[in-house]
Amino acid sequence: MREFRYRRAADVADALALLEAEPEARPLGGGTNLVDLMKTGIERPALLVDLRDLPLDRITPTADGGLRVGATVTNSDLAAHPQVRLHFPALAQAVLAGASGQLRNMATVGGNLLQRTRCGYFTGAAAPCNKRLPGSGCAALTGEHHNHAVLGASPHCVAVHPSDMAVALAAFDAVVTYETPGGPGELPLAEFYLPVGSTPQLETALPPGALITGVVLPPAPVAAVSRYRKVRERASYAFAIGSLAAALDVRDGIVREVRLAFGAVASRPWRARQAERALTGQHADAVAFAAAADAELAAARPLPHNGYKLPLLRDLVVGVLTELAEEAAR
Amino acid sequence: MTASTSGVITLHVNGEPHTLTVDHRTTLLDALRERLGLTGTKKGCDQGQCGACTVLLDGRRAVACLQLAVAAEDRAITTIEGVADGGRLHPVQQAFIELDGYQCGYCTPGQICSALGVLDEHAAGWPSAVTADVRPEAGPPALTDDEIRERMSGNLCRCGAYTAIVRAVAQAAKVVSA
C-alpha cells in the first residue's frame, strides 16, 4: 500500500479545501471498497479525507414529500429507516441484499455510488484492463466474463457496476447532490454514470473536486408497491448476476405506471425505459410483462458466456411484476 | 514512514484507552493484534469477505480488516476479549460452548461478535434480505433460522459448523430477550 496522509474534515468546506489542495486525495466514507483496493495497489491515494464528522449522516423529508439521504448515511441506517421502508421498500430491499451486516454498518451511500467494479481483471492487477490502465486492453472480452455486461458495453470494457442500492435509486429517479469549491450541483442518477465508450476509466459525471453530499428521492407514489429481487450464485453475501428493482401501479387491470431497473447487466444501473414504455397502458399480465422485457432486451449484446442473463432478466421481470400486480390488487 | 504518513492515536478498546503511533496504513485488525496484543480478533481473508475479524465499533459490528486504525480514533471498540462480564461469559459465548458452535475455533470470535450485532439489530427491528415484508407496519420479523442464516452470512466457517452456530445464536437470542 502506498503511504498516505490522513485528515478528518471538520465540515464540508474543509473537506472540499483538502480535496482541492491534493489532486491525489480521496474522500473516505466506510472504506469497505477503497481500503480493500488500496491494499492491492489499485487505488493509490496520497491523502485520505475522512468524512465521518460531516453532518451528512441524516435522512430527512423534503418539502415536496420526498427524502434526502445524506452521503455518509450508512447502508444499515438507510435500509432500517421507517420512511425508506414505507415509501421505497425496494430501496431498503436492495440495500439489504448487498454485502454483509458488518459491511452495511460501515459502508456509506456516497461510497456505495462510487464503488468500483468487481471485474476480476480490474481487481487482479496483472491482466490488461482499460479501466485500470487505459489503453491496455480488456482481458474479459475473451476471458472470464460470465458475469459481465449485456447492455451498454463497449469493446473497451464489459464490466458491470456492482451496487444494488444504485439500481433502486435509478428506478426511483434519484438525484445525486454534490458540492464543489465553486458551489453546489446535482446530477440525476440517469446521468451520474458516464457511458463506457472508449473511456471506461471515467466513471461518473461528477466535476473534479466534487464531494457527494447526498441523494434526493423525489416523491414517487408508485414506489409504495415496489420490490428488489437479486439473483446470485449463492443464497447470500454475493454480488448479483442479475437483479431487478420494480414498482407498479395497476388500476382496473391496466398498468398506469411502472418503474424497472436492472442490476449487474451494465456499467451502470440500467433503467429499462423501453420496457416501461412498452408496458404502460397495457393489461397487467404475464404476456405483457414478457413483451416489455423483450422490448428492453432487444438491444442486448451478450458475450459468449453470459447469454443466460437474458432469460434470467426476462423471468425476473415477469415474476416480480406478477407479484406486484397481485400486491396492488389487495 | 514519515511524520505526515503516521500519527499518534488513542484507541478505546474494551473501555481502556491505548495511545500508540501508527503508520496510517495500519488496519484496526493489525493494530489490535500486533500492537495491543489482542489476538482474539482473527485475520482470515484480510479482504472483508470472511468476517473472522469482526469487532463492534460504537456497538455495531464491523470488519476490522477494512477499518483503518487512524479512522477508529474516538470510537468505542469492543473485541472478543471485552465481551464477557468479568468471569461471567456472555449468553452468546455460553451458547456457542453448550451447543458446539465451532470446530477449530478460528472463526469463533468473529462469529460471536457478529452474533452480538445480529441480536442488537434484530432487537432494533431491522429487517433483513429474507424478511418477507420490510414495511414498518409489518412489524419486526421473528428471528427464525432463515433470518439467523442471512444475518450471519458475513461470517464464514470453513469447518462447516453452521448448523450448530444457528442453534447457538437462536438460544442466545432467547436468553438475552428473556
# chains A, B, ... in the order shown; residues from 1 in each chain; ligands from 1
call {"tool": "interface_residues", "arguments": {"of": "chain B", "to": "chain A", "cutoff": "9 Å", "atoms": "only C-alpha atoms", "output": "PyMOL selection string"}}
result
chain B and resi 1-2+4-7+23-25+46-49+51+54-55+60-63+65-68+70-71+114+117-118+124-131+133-137+149-155
call {"tool": "residues_around", "arguments": {"residues": "A:Pro128", "least_positions_apart": "3", "cutoff": "12 Å", "atoms": "only C-alpha atoms", "output": "PyMOL selection string"}}
result
chain A and resi 119-125+131-143+156-157
call {"tool": "write_last_selection", "arguments": {"atoms": "N, CA, C and O atoms", "output": "tab-separated table (two decimals), in the first residue's frame"}}
result
chain	number	residue	atom	x	y	z
A	119	CYS	N	-15.03	-6.72	-11.42
A	119	CYS	CA	-14.43	-7.49	-12.51
A	119	CYS	C	-13.04	-7.97	-12.07
A	119	CYS	O	-12.21	-7.16	-11.64
A	120	GLY	N	-12.80	-9.26	-12.19
A	120	GLY	CA	-11.54	-9.82	-11.71
A	120	GLY	C	-10.31	-9.30	-12.44
A	120	GLY	O	-9.20	-9.33	-11.89
A	121	TYR	N	-10.50	-8.81	-13.66
A	121	TYR	CA	-9.36	-8.26	-14.40
A	121	TYR	C	-9.06	-6.83	-13.96
A	121	TYR	O	-7.94	-6.36	-14.09
A	122	PHE	N	-10.07	-6.15	-13.42
A	122	PHE	CA	-9.84	-4.83	-12.84
A	122	PHE	C	-9.15	-4.96	-11.48
A	122	PHE	O	-8.19	-4.25	-11.18
A	123	THR	N	-9.64	-5.88	-10.65
A	123	THR	CA	-9.10	-6.01	-9.29
A	123	THR	C	-7.82	-6.86	-9.28
A	123	THR	O	-7.11	-6.87	-8.29
A	124	GLY	N	-7.56	-7.56	-10.36
A	124	GLY	CA	-6.46	-8.51	-10.35
A	124	GLY	C	-5.09	-7.91	-10.57
A	124	GLY	O	-4.09	-8.48	-10.17
A	125	ALA	N	-5.00	-6.76	-11.22
A	125	ALA	CA	-3.76	-6.00	-11.39
A	125	ALA	C	-2.75	-6.61	-12.38
A	125	ALA	O	-1.85	-5.91	-12.82
A	131	LYS	N	-9.97	-0.02	-17.77
A	131	LYS	CA	-10.47	0.81	-16.67
A	131	LYS	C	-9.33	1.15	-15.71
A	131	LYS	O	-9.21	2.26	-15.23
A	132	ARG	N	-8.49	0.14	-15.45
A	132	ARG	CA	-7.37	0.33	-14.51
A	132	ARG	C	-6.17	0.98	-15.21
A	132	ARG	O	-5.49	1.84	-14.65
A	133	LEU	N	-5.89	0.53	-16.42
A	133	LEU	CA	-4.74	1.03	-17.17
A	133	LEU	C	-5.21	1.33	-18.60
A	133	LEU	O	-5.17	0.45	-19.46
A	134	PRO	N	-5.71	2.57	-18.84
A	134	PRO	CA	-6.30	2.88	-20.15
A	134	PRO	C	-5.36	2.53	-21.30
A	134	PRO	O	-4.17	2.80	-21.26
A	135	GLY	N	-5.94	1.88	-22.31
A	135	GLY	CA	-5.16	1.51	-23.48
A	135	GLY	C	-4.55	0.12	-23.41
A	135	GLY	O	-3.99	-0.36	-24.39
A	136	SER	N	-4.66	-0.54	-22.25
A	136	SER	CA	-4.00	-1.85	-22.11
A	136	SER	C	-4.85	-2.99	-22.67
A	136	SER	O	-4.37	-4.10	-22.86
A	137	GLY	N	-6.12	-2.72	-22.91
A	137	GLY	CA	-6.99	-3.77	-23.46
A	137	GLY	C	-7.98	-4.27	-22.44
A	137	GLY	O	-7.99	-3.84	-21.28
A	138	CYS	N	-8.84	-5.19	-22.87
A	138	CYS	CA	-9.85	-5.77	-21.97
A	138	CYS	C	-9.72	-7.28	-22.00
A	138	CYS	O	-10.07	-7.92	-23.00
A	139	ALA	N	-9.21	-7.83	-20.90
A	139	ALA	CA	-9.00	-9.28	-20.84
A	139	ALA	C	-10.31	-10.04	-20.72
A	139	ALA	O	-10.37	-11.23	-21.04
A	140	ALA	N	-11.36	-9.36	-20.29
A	140	ALA	CA	-12.63	-10.05	-20.06
A	140	ALA	C	-13.31	-10.45	-21.38
A	140	ALA	O	-14.07	-11.42	-21.41
A	141	LEU	N	-13.04	-9.70	-22.44
A	141	LEU	CA	-13.73	-9.97	-23.71
A	141	LEU	C	-13.52	-11.41	-24.16
A	141	LEU	O	-14.46	-12.06	-24.65
A	142	THR	N	-12.31	-11.91	-24.00
A	142	THR	CA	-12.02	-13.28	-24.42
A	142	THR	C	-11.75	-14.17	-23.22
A	142	THR	O	-11.34	-15.31	-23.38
A	143	GLY	N	-11.97	-13.65	-22.02
A	143	GLY	CA	-11.65	-14.41	-20.81
A	143	GLY	C	-12.90	-14.77	-20.03
A	143	GLY	O	-13.93	-15.13	-20.59
A	156	HIS	N	-14.21	-1.71	-25.29
A	156	HIS	CA	-13.14	-1.29	-24.38
A	156	HIS	C	-13.34	-1.81	-22.96
A	156	HIS	O	-12.39	-1.89	-22.19
A	157	CYS	N	-14.59	-2.10	-22.60
A	157	CYS	CA	-14.87	-2.55	-21.23
A	157	CYS	C	-16.26	-3.17	-21.17
A	157	CYS	O	-17.22	-2.60	-21.68
call {"tool": "residues_around", "arguments": {"residues": "stretch 255-266 of chain A", "least_positions_apart": "5", "cutoff": "8 Å", "atoms": "only C-alpha atoms", "output": "count of residues only"}}
result
44
call {"tool": "select_by_dssp", "arguments": {"residues": "stretch 67-176 of chain A", "states": "strand (DSSP E)", "output": "PyMOL selection string"}}
result
chain A and resi 67-70+175-176
call {"tool": "residues_around", "arguments": {"residues": "stretch 99-111 of chain B", "least_positions_apart": "5", "cutoff": "7 Å", "atoms": "only C-alpha atoms", "output": "short mmCIF file (atom, residue, chain, number, x, y, z; two decimals) with C-alpha atoms, in the first residue's frame"}}
result
data_model
loop_
_atom_site.label_atom_id
_atom_site.label_comp_id
_atom_site.auth_asym_id
_atom_site.auth_seq_id
_atom_site.Cartn_x
_atom_site.Cartn_y
_atom_site.Cartn_z
CA GLY B 40 -8.66 -12.88 19.89
CA THR B 41 -9.68 -10.95 16.79
CA LYS B 42 -8.60 -13.17 13.90
CA GLY B 51 -15.86 -11.98 8.98
CA ALA B 52 -13.16 -13.55 11.21
CA CYS B 53 -12.04 -10.05 12.26
CA THR B 54 -15.50 -8.84 13.30
CA VAL B 55 -15.49 -6.40 16.21
CA ILE B 80 -13.94 -10.67 21.85
CA ASN B 155 -19.14 -14.90 8.77
CA CYS B 157 -16.78 -21.15 8.87
CA CYS B 159 -15.18 -26.31 9.28
CA ALA B 161 -20.20 -25.63 11.92
CA ALA B 164 -24.68 -25.50 15.46
CA ILE B 165 -23.89 -21.81 15.06
CA ALA B 168 -26.34 -21.18 19.37
#
call {"tool": "closest_residue", "arguments": {"among": "B:Ala178, B:Ala123, B:Arg167, B:Ala172", "to": "B:Pro91", "atoms": "only C-alpha atoms"}}
result
B:Ala172
call {"tool": "atom_distance", "arguments": {"atom1": "atom CA of B:Gln93", "atom2": "atom CA of B:Ile112"}}
result
6.7 Å
call {"tool": "residues_around", "arguments": {"residues": "A:Val176", "least_positions_apart": "5", "cutoff": "7 Å", "atoms": "only C-alpha atoms", "output": "ChimeraX atom specification"}}
result
/A:186-189,214-216
call {"tool": "write_last_selection", "arguments": {"atoms": "N, CA, C and O atoms", "output": "mmCIF file, in the first residue's frame"}}
result
data_model
loop_
_atom_site.group_PDB
_atom_site.id
_atom_site.type_symbol
_atom_site.label_atom_id
_atom_site.label_comp_id
_atom_site.auth_asym_id
_atom_site.auth_seq_id
_atom_site.Cartn_x
_atom_site.Cartn_y
_atom_site.Cartn_z
ATOM 1 N N GLU A 186 -26.034 19.218 -8.906
ATOM 2 C CA GLU A 186 -26.753 17.951 -8.786
ATOM 3 C C GLU A 186 -26.787 17.236 -10.127
ATOM 4 O O GLU A 186 -26.696 17.868 -11.193
ATOM 5 N N LEU A 187 -26.900 15.925 -10.054
ATOM 6 C CA LEU A 187 -26.945 15.077 -11.239
ATOM 7 C C LEU A 187 -28.031 14.027 -11.046
ATOM 8 O O LEU A 187 -27.997 13.289 -10.060
ATOM 9 N N PRO A 188 -28.993 13.948 -11.963
ATOM 10 C CA PRO A 188 -29.911 12.814 -11.894
ATOM 11 C C PRO A 188 -29.111 11.520 -12.002
ATOM 12 O O PRO A 188 -28.096 11.476 -12.723
ATOM 13 N N LEU A 189 -29.541 10.481 -11.306
ATOM 14 C CA LEU A 189 -28.776 9.237 -11.344
ATOM 15 C C LEU A 189 -28.607 8.731 -12.770
ATOM 16 O O LEU A 189 -27.589 8.135 -13.117
ATOM 17 N N GLY A 214 -25.188 13.952 -0.933
ATOM 18 C CA GLY A 214 -26.348 13.123 -0.645
ATOM 19 C C GLY A 214 -27.092 12.715 -1.893
ATOM 20 O O GLY A 214 -26.642 12.945 -3.018
ATOM 21 N N VAL A 215 -28.231 12.092 -1.642
ATOM 22 C CA VAL A 215 -29.114 11.637 -2.711
ATOM 23 C C VAL A 215 -30.521 12.088 -2.357
ATOM 24 O O VAL A 215 -30.947 11.939 -1.206
ATOM 25 N N VAL A 216 -31.211 12.675 -3.333
ATOM 26 C CA VAL A 216 -32.596 13.085 -3.106
ATOM 27 C C VAL A 216 -33.523 12.137 -3.846
ATOM 28 O O VAL A 216 -33.344 11.872 -5.040
#
call {"tool": "atom_distance", "arguments": {"atom1": "atom CA of A:Tyr178", "atom2": "atom CA of A:Thr199"}}
result
22.9 Å
call {"tool": "select_by_dssp", "arguments": {"residues": "stretch 6-175 of chain B", "states": "alpha helix (DSSP H)", "output": "ChimeraX atom specification"}}
result
/B:28-30,91-98,108-123,145-151,162-175
call {"tool": "atom_distance", "arguments": {"atom1": "atom CA of A:Arg118", "atom2": "atom CA of A:Ser267"}}
result
11.1 Å
